[in-house]
$ cat work-v9.txt   # compact mmCIF, C-alpha atoms
# COMPACT_ATOMS: atom_id res chain seq x y z
CA MET P 82 -10.79 16.38 -15.90
CA ASP P 83 -8.29 16.90 -18.74
CA HIS P 84 -5.97 14.18 -20.03
CA HIS P 85 -2.99 15.53 -18.06
CA GLU P 86 -4.89 15.20 -14.76
CA SER P 87 -6.13 11.74 -15.67
CA PHE P 88 -2.64 10.39 -16.29
CA MET P 89 -1.24 12.19 -13.23
CA ASN P 90 -3.92 10.67 -11.03
CA ARG P 91 -2.70 7.29 -12.24
CA CYS P 92 0.82 8.28 -11.17
CA LEU P 93 -0.43 9.24 -7.70
CA PHE P 94 -2.36 5.98 -7.38
CA LEU P 95 0.79 4.01 -8.20
CA ALA P 96 2.92 6.14 -5.86
CA LYS P 97 0.76 5.24 -2.84
CA LYS P 98 1.80 1.60 -3.21
CA GLY P 99 5.19 2.57 -1.77
CA LYS P 100 3.72 3.87 1.50
CA GLY P 101 5.76 2.73 4.49
CA LEU P 102 8.39 1.15 2.24
CA VAL P 103 10.33 3.94 0.52
CA ALA P 104 11.13 6.41 3.33
CA PRO P 105 13.24 8.46 3.63
CA ASN P 106 12.64 8.69 -0.13
CA PRO P 107 9.33 10.12 -1.39
CA MET P 108 6.48 8.08 -2.85
CA VAL P 109 6.59 8.49 -6.62
CA GLY P 110 4.63 7.07 -9.56
CA ALA P 111 5.23 7.43 -13.30
CA VAL P 112 3.45 6.54 -16.54
CA VAL P 113 4.65 6.70 -20.13
CA VAL P 114 1.96 7.75 -22.63
CA HIS P 115 2.09 7.35 -26.42
CA GLU P 116 -0.74 8.80 -28.51
CA GLY P 117 -3.11 8.87 -25.56
CA ARG P 118 -2.37 5.33 -24.37
CA ILE P 119 -0.28 4.18 -21.40
CA ILE P 120 2.55 1.98 -22.69
CA GLY P 121 4.53 1.73 -19.47
CA GLU P 122 4.06 2.50 -15.79
CA GLY P 123 5.92 2.08 -12.52
CA TYR P 124 6.45 3.34 -9.01
CA HIS P 125 9.18 3.43 -6.37
CA HIS P 126 8.77 0.08 -4.57
CA GLN P 127 11.27 0.33 -1.72
CA TYR P 128 14.15 2.43 -0.45
CA GLY P 129 17.32 1.72 -2.38
CA GLY P 130 15.42 0.22 -5.31
CA ALA P 131 14.73 1.56 -8.78
CA HIS P 132 12.85 4.85 -9.01
CA ALA P 133 9.42 5.21 -10.60
CA GLU P 134 10.78 6.58 -13.89
CA VAL P 135 13.19 3.66 -14.24
CA ASN P 136 10.41 1.13 -13.72
CA ALA P 137 8.00 2.91 -16.05
CA ILE P 138 10.53 3.15 -18.89
CA ALA P 139 11.62 -0.46 -18.36
CA ALA P 140 7.97 -1.53 -18.77
CA VAL P 141 7.78 -0.06 -22.30
CA GLU P 142 8.16 -2.97 -24.72
CA ASN P 143 8.99 -0.92 -27.82
CA LYS P 144 11.62 1.56 -26.70
CA ASP P 145 11.49 3.35 -30.10
CA LEU P 146 8.13 4.79 -29.03
CA LEU P 147 9.79 6.70 -26.19
CA LYS P 148 11.00 9.33 -28.67
CA GLU P 149 7.36 10.15 -29.42
CA SER P 150 5.98 9.82 -25.88
CA THR P 151 5.22 11.84 -22.76
CA ILE P 152 6.28 10.68 -19.31
CA TYR P 153 4.12 11.73 -16.36
CA VAL P 154 5.82 11.78 -12.96
CA SER P 155 4.32 12.76 -9.60
CA LEU P 156 7.61 14.34 -8.45
CA GLU P 157 10.46 16.05 -10.23
CA PRO P 158 13.00 13.49 -11.55
CA CYS P 159 16.20 13.44 -9.50
CA SER P 160 19.37 14.99 -10.89
CA HIS P 161 21.91 13.63 -8.40
CA HIS P 162 23.60 10.31 -7.78
CA GLY P 163 22.13 8.69 -4.66
CA LYS P 164 21.31 5.01 -4.30
CA THR P 165 20.53 5.08 -8.04
CA PRO P 166 21.67 7.20 -11.07
CA PRO P 167 19.81 10.44 -11.94
CA CYS P 168 16.38 9.87 -13.47
CA ALA P 169 16.62 13.16 -15.39
CA ASP P 170 19.60 11.71 -17.28
CA LEU P 171 17.64 8.54 -18.04
CA ILE P 172 14.81 10.55 -19.57
CA ILE P 173 17.32 12.55 -21.62
CA SER P 174 19.11 9.43 -22.82
CA HIS P 175 15.85 7.97 -24.15
CA GLN P 176 15.04 11.26 -25.90
CA ILE P 177 11.58 11.52 -24.35
CA PRO P 178 10.34 14.87 -25.70
CA ARG P 179 7.87 15.87 -22.97
CA VAL P 180 7.72 15.51 -19.16
CA VAL P 181 4.65 16.38 -17.10
CA LEU P 182 5.18 16.87 -13.34
CA ALA P 183 2.92 17.28 -10.33
CA MET P 184 5.47 19.12 -8.16
CA ARG P 185 9.09 20.09 -7.74
CA ASP P 186 11.29 18.17 -5.33
CA PRO P 187 11.80 20.04 -2.02
CA ASN P 188 15.08 18.18 -1.46
CA PRO P 189 17.88 20.78 -1.81
CA LEU P 190 19.93 18.14 -3.69
CA VAL P 191 17.38 18.49 -6.50
CA GLY P 192 15.38 21.71 -6.11
CA GLY P 193 14.64 22.31 -9.80
CA ARG P 194 17.96 21.02 -11.11
CA GLY P 195 16.35 18.03 -12.76
CA ILE P 196 13.92 20.32 -14.56
CA ASP P 197 16.71 22.68 -15.68
CA ARG P 198 18.81 19.78 -16.94
CA MET P 199 15.96 18.40 -19.06
CA LYS P 200 14.99 21.82 -20.44
CA LYS P 201 18.56 22.45 -21.54
CA GLN P 202 18.29 19.30 -23.65
CA GLY P 203 15.19 20.64 -25.40
CA ILE P 204 12.64 18.63 -23.40
CA GLU P 205 9.29 20.30 -22.81
CA VAL P 206 8.46 20.32 -19.09
CA ILE P 207 4.94 20.98 -17.80
CA GLU P 208 4.63 21.55 -14.04
CA GLY P 209 1.92 21.72 -11.41
CA VAL P 210 -0.54 19.08 -12.65
CA CYS P 211 -2.47 17.76 -9.59
CA GLU P 212 0.08 19.57 -7.42
CA LYS P 213 -2.18 19.80 -4.36
CA ALA P 214 -2.70 16.02 -4.29
CA ALA P 215 1.04 15.43 -4.74
CA LEU P 216 1.87 17.77 -1.86
CA GLU P 217 -0.61 15.92 0.35
CA LEU P 218 0.81 12.52 -0.59
CA ASN P 219 4.39 13.45 0.29
CA ARG P 220 3.75 15.80 3.20
CA ARG P 221 6.20 13.82 5.36
CA PHE P 222 9.01 14.15 2.82
CA ILE P 223 8.29 17.85 2.32
CA THR P 224 8.21 18.67 6.05
CA PHE P 225 11.42 16.72 6.59
CA HIS P 226 13.35 18.66 3.94
CA GLN P 227 11.81 22.11 4.36
CA GLU P 228 11.62 22.23 8.17
CA LYS P 229 14.58 19.94 8.97
CA ARG P 230 12.59 17.73 11.31
CA PRO P 231 10.33 14.69 11.11
CA TYR P 232 6.65 15.02 10.27
CA THR P 233 5.06 14.58 13.71
CA ILE P 234 1.74 12.81 14.34
CA LEU P 235 0.21 12.87 17.83
CA LYS P 236 -2.09 9.93 18.57
CA TRP P 237 -4.12 9.04 21.62
CA ALA P 238 -7.28 7.22 22.66
CA GLU P 239 -9.78 8.76 25.06
CA SER P 240 -12.98 7.68 26.74
CA VAL P 241 -16.35 8.98 25.65
CA ASN P 242 -16.15 11.43 28.56
CA GLY P 243 -12.64 12.73 27.85
CA PHE P 244 -10.19 10.63 29.90
CA MET P 245 -7.20 8.81 28.44
CA ASP P 246 -6.40 6.60 31.45
CA ILE P 247 -7.73 5.64 34.85
CA ASP P 248 -6.31 6.96 38.12
CA ARG P 249 -3.79 4.36 39.23
CA ASP P 250 -2.18 3.20 42.45
CA ALA P 251 1.63 3.19 42.46
CA ASP P 252 1.75 -0.54 41.75
CA GLN P 253 -1.07 -0.65 39.22
CA LYS P 254 0.51 -1.45 35.84
CA GLY P 255 -0.63 -2.51 32.38
CA VAL P 256 -2.58 -1.01 29.49
CA PHE P 257 -6.14 0.13 30.11
CA TRP P 258 -7.88 -0.41 26.79
CA ILE P 259 -10.32 2.28 25.75
CA THR P 260 -10.97 1.43 22.09
CA ALA P 261 -12.24 -1.81 20.54
CA PRO P 262 -9.84 -4.72 19.86
CA GLY P 263 -10.05 -4.21 16.10
CA THR P 264 -8.76 -0.66 16.43
CA LYS P 265 -5.48 -2.05 17.74
CA VAL P 266 -4.82 -3.51 14.29
CA LEU P 267 -5.43 -0.09 12.74
CA VAL P 268 -2.97 1.53 15.15
CA HIS P 269 -0.33 -1.07 14.27
CA LYS P 270 -0.95 -0.31 10.60
CA TRP P 271 -0.31 3.36 11.39
CA ARG P 272 2.94 2.37 13.10
CA SER P 273 4.07 0.50 9.98
CA GLU P 274 3.58 3.66 7.91
CA GLU P 275 5.88 5.88 10.00
CA ALA P 276 9.64 5.76 10.42
CA GLY P 277 9.66 6.34 14.17
CA ILE P 278 7.45 6.03 17.23
CA LEU P 279 7.87 8.04 20.45
CA VAL P 280 6.60 7.71 24.02
CA GLY P 281 7.50 9.09 27.42
CA ALA P 282 8.98 7.42 30.49
CA ASN P 283 5.62 7.07 32.25
CA THR P 284 4.20 5.06 29.35
CA VAL P 285 7.20 2.74 29.44
CA GLU P 286 6.91 2.30 33.22
CA ILE P 287 3.14 1.78 33.37
CA ASP P 288 2.25 0.07 30.06
CA ASN P 289 5.63 -1.51 29.28
CA PRO P 290 4.88 -1.46 25.52
CA SER P 291 7.02 -3.05 22.81
CA LEU P 292 5.80 -0.51 20.19
CA THR P 293 6.03 -2.96 17.28
CA VAL P 294 3.68 -3.81 14.41
CA ARG P 295 3.01 -7.36 15.62
CA GLU P 296 -0.73 -7.06 14.82
CA TYR P 297 0.00 -6.01 11.24
CA HIS P 298 2.53 -6.76 8.52
CA GLY P 299 5.23 -4.20 7.94
CA LYS P 300 8.45 -2.78 9.30
CA ASN P 301 8.79 -1.86 12.96
CA PRO P 302 9.43 1.86 13.45
CA VAL P 303 12.49 3.14 15.29
CA ARG P 304 11.51 3.45 18.96
CA MET P 305 12.21 6.68 20.84
CA VAL P 306 11.68 7.40 24.55
CA ILE P 307 11.69 10.76 26.35
CA ALA P 308 12.95 9.78 29.81
CA PRO P 309 14.88 12.42 31.82
CA ASN P 310 15.98 9.78 34.37
CA GLY P 311 16.28 6.86 31.97
CA ILE P 312 14.20 3.65 32.01
CA SER P 313 14.48 0.18 33.50
CA SER P 314 16.97 -2.08 31.73
CA ASP P 315 14.34 -4.82 31.46
CA ALA P 316 11.75 -2.63 29.71
CA ALA P 317 10.14 -4.33 26.70
CA ILE P 318 11.13 -1.41 24.51
CA LEU P 319 14.77 -2.53 24.89
CA ASN P 320 14.04 -6.07 23.63
CA GLY P 321 16.05 -5.65 20.41
CA GLU P 322 13.08 -6.11 18.08
CA ALA P 323 13.65 -2.64 16.62
CA PRO P 324 16.28 0.11 16.93
CA THR P 325 15.68 2.13 20.10
CA MET P 326 16.98 5.40 21.53
CA VAL P 327 16.35 6.76 25.02
CA PHE P 328 16.75 10.53 25.43
CA HIS P 329 17.78 11.38 28.99
CA GLN P 330 19.61 13.82 31.29
CA ARG P 331 21.44 11.46 33.63
CA GLU P 332 25.21 11.88 33.69
CA GLU P 333 25.85 8.24 34.70
CA LEU P 334 24.09 7.00 31.53
CA LYS P 335 26.32 9.00 29.18
CA GLY P 336 27.76 6.83 26.43
CA LYS P 337 25.49 3.89 27.17
CA GLU P 338 24.27 2.03 24.09
CA SER P 339 20.83 3.18 22.83
CA HIS P 340 20.99 6.24 25.09
CA PHE P 341 21.29 9.92 24.11
CA TYR P 342 22.33 12.46 26.74
CA THR P 343 21.46 16.14 26.62
CA GLU P 344 21.31 18.95 29.16
CA GLY P 345 18.77 20.75 27.00
CA ASP P 346 15.24 20.20 25.71
CA LEU P 347 14.72 16.45 25.38
CA ILE P 348 11.94 16.70 22.80
CA GLN P 349 14.00 19.00 20.61
CA ALA P 350 16.97 16.67 21.01
CA ALA P 351 14.79 13.77 19.86
CA LEU P 352 13.53 15.68 16.82
CA ASN P 353 17.07 16.75 15.89
CA TRP P 354 18.35 13.20 16.27
CA ALA P 355 15.50 11.89 14.12
CA PHE P 356 16.32 14.37 11.35
CA GLU P 357 20.04 13.60 11.48
CA ASN P 358 19.26 9.88 11.21
CA GLY P 359 16.86 10.17 8.29
CA ILE P 360 13.71 9.43 10.31
CA GLN P 361 11.18 11.24 8.17
CA SER P 362 8.11 10.87 10.38
CA ILE P 363 7.24 9.91 13.96
CA LEU P 364 4.06 8.73 15.63
CA VAL P 365 3.85 10.07 19.19
CA GLU P 366 1.90 7.58 21.34
CA GLY P 367 2.93 8.99 24.68
CA GLY P 368 0.84 9.71 27.75
CA ALA P 369 -0.72 13.02 28.71
CA THR P 370 2.56 14.65 29.82
CA THR P 371 4.38 13.88 26.58
CA LEU P 372 1.45 14.74 24.32
CA ASN P 373 0.77 18.04 26.10
CA SER P 374 4.46 18.95 25.83
CA PHE P 375 4.33 18.53 22.06
CA LEU P 376 1.06 20.47 21.85
CA LYS P 377 2.23 23.32 24.07
CA ALA P 378 5.42 23.74 22.03
CA GLY P 379 3.55 23.51 18.73
CA ARG P 380 5.73 20.57 17.68
CA TRP P 381 3.15 18.65 15.71
CA ASP P 382 1.74 18.39 12.21
CA GLU P 383 -1.18 16.02 12.61
CA ILE P 384 -3.36 14.66 15.42
CA ARG P 385 -5.27 11.37 15.41
CA ARG P 386 -7.75 11.34 18.28
CA LEU P 387 -9.56 8.06 18.89
CA ILE P 388 -12.72 8.06 21.01
CA GLY P 389 -14.00 4.75 22.35
CA LYS P 390 -17.30 3.78 23.93
CA THR P 391 -15.62 3.29 27.32
CA GLU P 392 -16.55 5.64 30.15
CA ILE P 393 -14.06 6.42 32.92
CA LYS P 394 -15.45 7.89 36.14
CA LYS P 395 -12.16 9.34 37.35
CA GLY P 396 -8.88 9.48 35.51
CA ILE P 397 -6.26 11.40 33.55
CA PRO P 398 -7.80 13.97 31.20
CA ALA P 399 -7.00 13.71 27.52
CA PRO P 400 -5.31 16.74 25.91
CA ASP P 401 -7.73 19.62 25.50
CA ILE P 402 -7.89 20.53 21.82
CA ARG P 403 -11.36 22.07 21.73
CA HIS P 404 -9.86 25.11 20.01
CA LEU P 405 -8.95 22.96 17.00
CA ARG P 406 -11.33 21.97 14.23
CA PRO P 407 -11.00 18.42 12.85
CA MET P 408 -10.39 18.08 9.12
CA ASN P 409 -12.41 14.86 9.09
CA GLN P 410 -14.21 12.33 11.27
CA ASP P 411 -14.34 8.59 10.61
CA GLU P 412 -15.93 5.61 12.28
CA PHE P 413 -13.93 2.43 12.83
CA GLY P 414 -16.18 -0.20 14.32
CA PRO P 415 -17.65 1.31 17.51
CA ASP P 416 -14.86 3.90 17.74
CA ARG P 417 -14.61 7.37 16.25
CA ILE P 418 -11.43 8.86 14.81
CA TYR P 419 -10.91 12.60 14.50
CA THR P 420 -8.02 13.86 12.38
CA TYR P 421 -6.54 17.34 12.73
CA ARG P 422 -3.85 19.12 10.73
CA LYS P 423 -1.86 22.15 11.75
CA ASP P 424 -2.49 25.20 9.59
CA LYS P 425 0.91 26.09 8.12
CA ALA P 426 -0.28 29.21 6.34
$ encode --input "work-v9.txt" --output "structure tokens"
Amino acid sequence: MDHHESFMNRCLFLAKKGKGLVAPNPMVGAVVVHEGRIIGEGYHHQYGGAHAEVNAIAAVENKDLLKESTIYVSLEPCSHHGKTPPCADLIISHQIPRVVLAMRDPNPLVGGRGIDRMKKQGIEVIEGVCEKAALELNRRFITFHQEKRPYTILKWAESVNGFMDIDRDADQKGVFWITAPGTKVLVHKWRSEEAGILVGANTVEIDNPSLTVREYHGKNPVRMVIAPNGISSDAAILNGEAPTMVFHQREELKGKESHFYTEGDLIQAALNWAFENGIQSILVEGGATTLNSFLKAGRWDEIRRLIGKTEIKKGIPAPDIRHLRPMNQDEFGPDRIYTYRKDKA
């Protein structure tokens, strides 16, 4: 590993600390290096707060050293006025002679402009250091800006013999737990890391979930429901603990608060609404109908398939994804977790 990769890996390590806190901004880390030694480092802590470059430069005690230093940043410095001033201008103002980047910013508001601005001021810019790792880290941000939709994760739990729920009588309600109690905490952690969470009407009717992160610390995701005929007004998902939107096709519900009417494709309407409202990623925890709809339409980026030790004699089959190859397999207590990614080549 050369010195550029070593310092960039530090940037990426710092950037990860902003996971679940900075969206819809990207996770970014930065370090300032003088004669082979880090003299300042920082990362983007939360949305609306100072960017990584600002924090890294502020951490340098002797600002005179900046004129002889290199700043490493995991993402191209911004060149536009958003919540904060342009970081490219900050680097220029401190006369930092060299900038090393992992990747360019896919946001069309930037798109190489920060690099061009710095180069015009005589700053040396080196690109592509640890680029693959940087792309992986900010895959949500990249999908959001390049494909104009949220990064979509499908998640479900299934029994050891391939069922995701029992057969139910009409009045049989409540969650049937397949995985171990400890896995519930992990799932709530996953919720805290995404901007939105989506289920279908059947899940709301049968499980009556609140879809919060009550078993973990963090921010509740925006709740989204695909419900052609709407949902009951006393559903837990309408409890006010997090912003909620119900996507439906009932004329009499038009204009109702927390309801979105469309005559078209409800899933596409939900994805469009999420993009327009800056929801960078969604975790789909729906039942078989909702999950299979996303799979059939190819509207997914990642799958997290949890397999518990429970056996169900007769029930609702889990989505059939035998044609897909998992990218990895993990064990979490007695449960197994398979992760899949869509090939975007």
$ closest_atom_pairs --input "work-v9.txt" --of "range 132-166 of chain P" --to "range 173-184 of chain P" --cutoff "6 Å" --atoms "all atoms listed in the file" --output "tab-separated table"
residue	atom	partner	partner_atom	distance
P:Leu147	CA	P:Ile177	CA	5.5
P:Lys148	CA	P:Ile177	CA	4.9
P:Thr151	CA	P:Arg179	CA	4.8
P:Ile152	CA	P:Val180	CA	5.0
P:Tyr153	CA	P:Val181	CA	4.7
P:Val154	CA	P:Leu182	CA	5.1
P:Ser155	CA	P:Ala183	CA	4.8
P:Leu156	CA	P:Met184	CA	5.2
$ residues_around --input "work-v9.txt" --residues "range 418-421 of chain P" --least-positions-apart "2" --cutoff "6 Å" --atoms "only C-alpha atoms" --output "PDB file with C-alpha atoms, keeping the file's coordinate frame"
ATOM      1  CA  GLU P 383      -1.180  16.020  12.610  1.00  0.00           C
ATOM      2  CA  ILE P 384      -3.360  14.660  15.420  1.00  0.00           C
ATOM      3  CA  ARG P 385      -5.270  11.370  15.410  1.00  0.00           C
ATOM      4  CA  ARG P 386      -7.750  11.340  18.280  1.00  0.00           C
ATOM      5  CA  LEU P 387      -9.560   8.060  18.890  1.00  0.00           C
ATOM      6  CA  PRO P 407     -11.000  18.420  12.850  1.00  0.00           C
ATOM      7  CA  MET P 408     -10.390  18.080   9.120  1.00  0.00           C
ATOM      8  CA  ASN P 409     -12.410  14.860   9.090  1.00  0.00           C
ATOM      9  CA  GLN P 410     -14.210  12.330  11.270  1.00  0.00           C
ATOM     10  CA  ASP P 411     -14.340   8.590  10.610  1.00  0.00           C
TER      11      ASP P 411
END
$ atom_distance --input "work-v9.txt" --atom1 "CA of Gly281 in chain P" --atom2 "CA of Glu217 in chain P"
29.1 Å
$ residues_around --input "work-v9.txt" --residues "His132 in chain P" --least-positions-apart "3" --cutoff "8 Å" --atoms "only C-alpha atoms" --output "PDB file with C-alpha atoms, keeping the file's coordinate frame"
ATOM      1  CA  VAL P 109       6.590   8.490  -6.620  1.00  0.00           C
ATOM      2  CA  TYR P 124       6.450   3.340  -9.010  1.00  0.00           C
ATOM      3  CA  HIS P 125       9.180   3.430  -6.370  1.00  0.00           C
ATOM      4  CA  HIS P 126       8.770   0.080  -4.570  1.00  0.00           C
ATOM      5  CA  VAL P 135      13.190   3.660 -14.240  1.00  0.00           C
ATOM      6  CA  ASN P 136      10.410   1.130 -13.720  1.00  0.00           C
ATOM      7  CA  THR P 165      20.530   5.080  -8.040  1.00  0.00           C
ATOM      8  CA  CYS P 168      16.380   9.870 -13.470  1.00  0.00           C
TER       9      CYS P 168
END
$ axis_aligned_box --input "work-v9.txt" --around "range 387-396 of chain P" --padding-each-side "5 Å" --output "AutoDock Vina command-line options"
--center_x -13.1 --center_y 6.4 --center_z 28.1 --size_x 18.4 --size_y 16.2 --size_z 28.5
$ atom_distance --input "work-v9.txt" --atom1 "CA of Gly192 in chain P" --atom2 "CA of Gly99 in chain P"
22.1 Å
$ residues_around --input "work-v9.txt" --residues "Ala238 in chain P" --least-positions-apart "4" --cutoff "8 Å" --atoms "only C-alpha atoms" --output "list in words"
Met245, Ile259, Thr260, Arg386, Leu387, Ile388 and Gly389 of chain P
$ write_last_selection --input "work-v9.txt" --atoms "C-alpha atoms" --output "compact mmCIF listing (two decimals), in the frame of the given file"
# COMPACT_ATOMS: atom_id res chain seq x y z
CA MET P 245 -7.20 8.81 28.44
CA ILE P 259 -10.32 2.28 25.75
CA THR P 260 -10.97 1.43 22.09
CA ARG P 386 -7.75 11.34 18.28
CA LEU P 387 -9.56 8.06 18.89
CA ILE P 388 -12.72 8.06 21.01
CA GLY P 389 -14.00 4.75 22.35
$ residues_around --input "work-v9.txt" --residues "Gly277 in chain P" --least-positions-apart "3" --cutoff "9 Å" --atoms "only C-alpha atoms" --output "list in words"
Pro231, Arg272, Asn301, Pro302, Val303, Arg304, Met305, Ala355, Ile360, Gln361, Ser362, Ile363, Leu364 and Val365 of chain P
$ write_last_selection --input "work-v9.txt" --atoms "C-alpha atoms" --output "mmCIF file, keeping the file's coordinate frame"
data_model
loop_
_atom_site.group_PDB
_atom_site.id
_atom_site.type_symbol
_atom_site.label_atom_id
_atom_site.label_comp_id
_atom_site.auth_asym_id
_atom_site.auth_seq_id
_atom_site.Cartn_x
_atom_site.Cartn_y
_atom_site.Cartn_z
ATOM 1 C CA PRO P 231 10.330 14.690 11.110
ATOM 2 C CA ARG P 272 2.940 2.370 13.100
ATOM 3 C CA ASN P 301 8.790 -1.860 12.960
ATOM 4 C CA PRO P 302 9.430 1.860 13.450
ATOM 5 C CA VAL P 303 12.490 3.140 15.290
ATOM 6 C CA ARG P 304 11.510 3.450 18.960
ATOM 7 C CA MET P 305 12.210 6.680 20.840
ATOM 8 C CA ALA P 355 15.500 11.890 14.120
ATOM 9 C CA ILE P 360 13.710 9.430 10.310
ATOM 10 C CA GLN P 361 11.180 11.240 8.170
ATOM 11 C CA SER P 362 8.110 10.870 10.380
ATOM 12 C CA ILE P 363 7.240 9.910 13.960
ATOM 13 C CA LEU P 364 4.060 8.730 15.630
ATOM 14 C CA VAL P 365 3.850 10.070 19.190
#
$ atom_distance --input "work-v9.txt" --atom1 "CA of Trp271 in chain P" --atom2 "CA of Leu352 in chain P"
19.3 Å
$ residues_around --input "work-v9.txt" --residues "Ala378 in chain P" --least-positions-apart "3" --cutoff "10 Å" --atoms "all atoms listed in the file" --output "PDB file with C-alpha atoms, in the coordinates of the input"
ATOM      1  CA  ILE P 348      11.940  16.700  22.800  1.00  0.00           C
ATOM      2  CA  GLN P 349      14.000  19.000  20.610  1.00  0.00           C
ATOM      3  CA  ASN P 373       0.770  18.040  26.100  1.00  0.00           C
ATOM      4  CA  SER P 374       4.460  18.950  25.830  1.00  0.00           C
ATOM      5  CA  PHE P 375       4.330  18.530  22.060  1.00  0.00           C
ATOM      6  CA  TRP P 381       3.150  18.650  15.710  1.00  0.00           C
TER       7      TRP P 381
END
$ closest_residue --input "work-v9.txt" --among "P:Ala137, P:Pro189, P:Arg91, P:Gly396" --to "Lys229 in chain P" --atoms "only C-alpha atoms"
P:Pro189
